[in-house]
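Single-structure report; data block below.
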Amino acid sequence: MFATARSKIQTWITAGAGTIAALFVAGLMGAFGALPAHAPPQLSPDAAIEAGRWRLQPVRAYVSHARVYGVALKPGQKALVLEVDMTNRTAQSDKGYFNVFTPEGIALPDPSPMIALVRDSTLTPELHPGMTERMAYVWPLAGDAAVPANLAFAVTAEIFKPHDNLYGTPGWYNPYRLGTVTLPVADLPEGGQPQSGQSGSGS
Amino acid sequence: MRIRVLGNLAILCATVALSYGMQVTKPHYAELTAPVPIDGAMHDTVRARSFDVRLDKVIFARRLKTDQFGQEKLLTTSGLWAVVTTNLTAVGTSTTVADGTWQGPTGLRYHQTERLGYRQDMPPHGVDPGLDKRGLFVFEVPPDQIRGARLLISARQFGPLDAQARISLDGLTIGADGQPAGILPEFDLDAPPSQGKS
């Protein structure tokens with residue numbers, strides 16, 4: 001009884017080791033690089049996007065030549081502004097929204113945007129569970145940078161891990177490209193003001 | 001011979017089952033080092049490890065008026081502003097109380113607002129033993145997260161194994177529509193503290 005079982009196990013192990021070695025060598029030689037890469041999907045700008053801990057509803061994008069939402073621009077700079085309605089889908093207040101949007105195909109002097117609450121221009125406040133707020137992502141651009149009429153923004157989401165590998169604490173990890181949302185970009189002339197969501201602070 | 005083999009197999013299986021059971025029921029690191037809750041009610045003094053806290057009153061308002069760098073600011077919110085007045089004192093040595101969280105009835109955690117900037121009466125509160133200090137905590141909460149809520153106050157935001165005062169807000173008067181009674185249209189944070197009622 002044990003003899004037949006032993007020979008069976010030996011057969012399985014030998015066959016399995018062969019398969020694993022073949023896959024490993026193929027991987028080393030770059031055989032999987034020939035697989036067609038999955039392009040990130042196009043997301044509809046009209047529907048809400050569920051991106052990990054955030055629900056996003058893009059409102060509009062425009063280029064501003066003056067100070068927007070308290071973000072001062074250096075002389076000769078303009079700013080690409082993306083306004084989004086953001087809802088925190090988690091159970092606690094959070095401000096991990098810095099890498100959610102990235103404009104594609106445009107040269108940015110600084111890839112990290114300034115993010116302001118449209119309500120009163122507070123910079124990077126925490127957003128509270130279930131309370132939708134309109135946020136403005138502001139990327140300063142060189143004054144002569146060309147901005148296409150339709151700009152694609154890459155949307156990055158994260159996955160929830162109930163226990164991370166180091167401390168066993170719950171959290172949001174492993175950012176991945178959820179998709180791309182394309183919005184028309186208006187150009188607001190000097191002194192032009194965004195129509196809605198005026199800051200009440202007067203600052 | 002065969003009995004010994006079977007016996008060994010049985011012992012091995014029992015060990016595996018026991019070890020697996022212990023592994024799946026093991027509390028996680030986050031639970032083992034969580035803050036130690038100390039429960040209390042409104043208007044009672046809750047004794048945490050390094051500070052005592054008494055919740056005096058909660059004021060709800062639609063808008064908040066504050067003075068920021070000499071400029072008057074009117075802060076709006078999509079929910080309600082909850083201004084919680086507490087009385088704080090240190091236990092043994094001067095310390096700070098920096099963290100306040102509004103925990104809704106279903107466990108949603110609303111951290112204190114960051115939209116007010118620096119103010120003398122906002123966290124972090126410097127407290128000293130034997131001296132009472134009025135400390136404010138300001139939250140933005142949706143109206144449906146007020147009935148059955150609890151206020152969590154601790155010395156710092158990530159304080160493993162430190163005390164956390166958990167004060168249940170069951171003394172609030174809540175109307176039939178689920179909204180708290182006596183919502184002020186506007187609350188001035190710089191007005192003298194006699195304004196409004198609990």
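A note on labels: chains of the structure tokens are A, B, ... as shown, every chain counts residues from 1, and ligands are counted from 1 in their shown order.
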Segment 12-60 of chain B: residues DSSP assigns to strand (DSSP E or B), reported as a list of chain:residue names: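 Filtering segment 12-60 of chain B down to strand (DSSP E or B) leaves B:Val36, B:Pro37, B:Ile38, B:Asp39, B:Gly40, B:Ala41, B:Thr45, B:Val46, B:Arg47, B:Phe51, B:Asp52, B:Val53, B:Arg54, B:Leu55, B:Asp56, B:Lys57, B:Val58, B:Ile59, B:Phe60.
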Contact residues (chain B, partner chain A, 8 Å, only C-alpha atoms) as a ChimeraX atom specification: /B:28-30,72-76,78-79,107-111,113-115,140-142
For the residues in that selection, give me N, CA and C atoms as a PDB file, in the first residue's frame.
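As written to disk, selection02.pdb reads:
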ATOM      1  N   HIS B  28      -4.675  39.603  16.133  1.00  0.00           N
ATOM      2  CA  HIS B  28      -3.672  40.228  15.302  1.00  0.00           C
ATOM      3  C   HIS B  28      -2.950  41.330  16.056  1.00  0.00           C
ATOM      4  N   TYR B  29      -1.791  41.657  15.529  1.00  0.00           N
ATOM      5  CA  TYR B  29      -0.936  42.668  16.157  1.00  0.00           C
ATOM      6  C   TYR B  29      -1.698  43.969  16.378  1.00  0.00           C
ATOM      7  N   ALA B  30      -2.511  44.360  15.361  1.00  0.00           N
ATOM      8  CA  ALA B  30      -3.253  45.608  15.477  1.00  0.00           C
ATOM      9  C   ALA B  30      -4.235  45.551  16.653  1.00  0.00           C
ATOM     10  N   GLU B  72     -11.757  87.192   8.864  1.00  0.00           N
ATOM     11  CA  GLU B  72     -12.916  86.427   9.284  1.00  0.00           C
ATOM     12  C   GLU B  72     -13.239  85.375   8.231  1.00  0.00           C
ATOM     13  N   LYS B  73     -13.437  84.153   8.676  1.00  0.00           N
ATOM     14  CA  LYS B  73     -13.731  83.069   7.739  1.00  0.00           C
ATOM     15  C   LYS B  73     -15.034  82.422   8.146  1.00  0.00           C
ATOM     16  N   LEU B  74     -15.876  82.113   7.157  1.00  0.00           N
ATOM     17  CA  LEU B  74     -17.133  81.436   7.425  1.00  0.00           C
ATOM     18  C   LEU B  74     -17.032  80.060   6.777  1.00  0.00           C
ATOM     19  N   LEU B  75     -16.965  79.026   7.606  1.00  0.00           N
ATOM     20  CA  LEU B  75     -16.749  77.678   7.092  1.00  0.00           C
ATOM     21  C   LEU B  75     -18.075  76.951   6.961  1.00  0.00           C
ATOM     22  N   THR B  76     -18.326  76.428   5.778  1.00  0.00           N
ATOM     23  CA  THR B  76     -19.540  75.652   5.543  1.00  0.00           C
ATOM     24  C   THR B  76     -19.185  74.172   5.517  1.00  0.00           C
ATOM     25  N   SER B  78     -20.927  70.006   4.318  1.00  0.00           N
ATOM     26  CA  SER B  78     -22.039  69.265   3.727  1.00  0.00           C
ATOM     27  C   SER B  78     -22.852  68.552   4.802  1.00  0.00           C
ATOM     28  N   GLY B  79     -22.327  68.454   6.013  1.00  0.00           N
ATOM     29  CA  GLY B  79     -23.078  67.858   7.117  1.00  0.00           C
ATOM     30  C   GLY B  79     -23.378  68.912   8.153  1.00  0.00           C
ATOM     31  N   GLY B 107     -19.953  52.784  13.698  1.00  0.00           N
ATOM     32  CA  GLY B 107     -18.509  52.627  13.790  1.00  0.00           C
ATOM     33  C   GLY B 107     -17.709  53.480  12.823  1.00  0.00           C
ATOM     34  N   LEU B 108     -18.372  54.326  12.030  1.00  0.00           N
ATOM     35  CA  LEU B 108     -17.619  55.230  11.148  1.00  0.00           C
ATOM     36  C   LEU B 108     -16.881  56.242  12.014  1.00  0.00           C
ATOM     37  N   ARG B 109     -15.633  56.515  11.652  1.00  0.00           N
ATOM     38  CA  ARG B 109     -14.816  57.391  12.486  1.00  0.00           C
ATOM     39  C   ARG B 109     -14.540  58.707  11.785  1.00  0.00           C
ATOM     40  N   TYR B 110     -15.019  59.772  12.387  1.00  0.00           N
ATOM     41  CA  TYR B 110     -14.823  61.121  11.846  1.00  0.00           C
ATOM     42  C   TYR B 110     -13.762  61.805  12.679  1.00  0.00           C
ATOM     43  N   HIS B 111     -12.610  61.993  12.082  1.00  0.00           N
ATOM     44  CA  HIS B 111     -11.513  62.630  12.796  1.00  0.00           C
ATOM     45  C   HIS B 111     -11.782  64.115  12.928  1.00  0.00           C
ATOM     46  N   THR B 113     -11.641  68.098  12.682  1.00  0.00           N
ATOM     47  CA  THR B 113     -11.428  68.836  11.442  1.00  0.00           C
ATOM     48  C   THR B 113     -10.037  69.455  11.392  1.00  0.00           C
ATOM     49  N   GLU B 114      -9.520  69.550  10.183  1.00  0.00           N
ATOM     50  CA  GLU B 114      -8.223  70.206   9.971  1.00  0.00           C
ATOM     51  C   GLU B 114      -8.408  71.536   9.261  1.00  0.00           C
ATOM     52  N   ARG B 115      -9.661  71.956   9.118  1.00  0.00           N
ATOM     53  CA  ARG B 115      -9.915  73.142   8.302  1.00  0.00           C
ATOM     54  C   ARG B 115      -9.812  74.425   9.094  1.00  0.00           C
ATOM     55  N   GLU B 140     -16.812  67.520  11.643  1.00  0.00           N
ATOM     56  CA  GLU B 140     -17.803  67.596  10.575  1.00  0.00           C
ATOM     57  C   GLU B 140     -18.486  66.241  10.533  1.00  0.00           C
ATOM     58  N   VAL B 141     -19.784  66.179  10.804  1.00  0.00           N
ATOM     59  CA  VAL B 141     -20.469  64.884  10.803  1.00  0.00           C
ATOM     60  C   VAL B 141     -21.776  64.987  10.029  1.00  0.00           C
ATOM     61  N   PRO B 142     -22.173  63.929   9.336  1.00  0.00           N
ATOM     62  CA  PRO B 142     -23.502  63.917   8.732  1.00  0.00           C
ATOM     63  C   PRO B 142     -24.556  63.795   9.835  1.00  0.00           C
TER      64      PRO B 142
END
Would you mind listing what lies within 8 Å of Arg60 of chain A as a list of chain:residue names, with only C-alpha atoms counted and same-chain residues fewer than 3 positions away left out? A:Leu82, A:Glu83, A:Val84, A:Leu183, A:Pro184, A:Val185
Figure out the distance between atom CA of Met135 of chain A and atom CA of Val81 of chain A, please, to one decimal in Å.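 Taking atom CA of Val81 of chain A as the start and atom CA of Met135 of chain A as the end point, the length is 10.0 Å.
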Would you mind reading off the distance between atom CA of Phe101 of chain A and atom CA of Arg55 of chain A, one decimal, in Å? 12.6 Å
Find the distance between atom CA of Val5 of chain B and atom CA of Lys8 of chain A and write it in Å to one decimal.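 Interatomic distance, atom CA of Val5 of chain B to atom CA of Lys8 of chain A: 20.4 Å.
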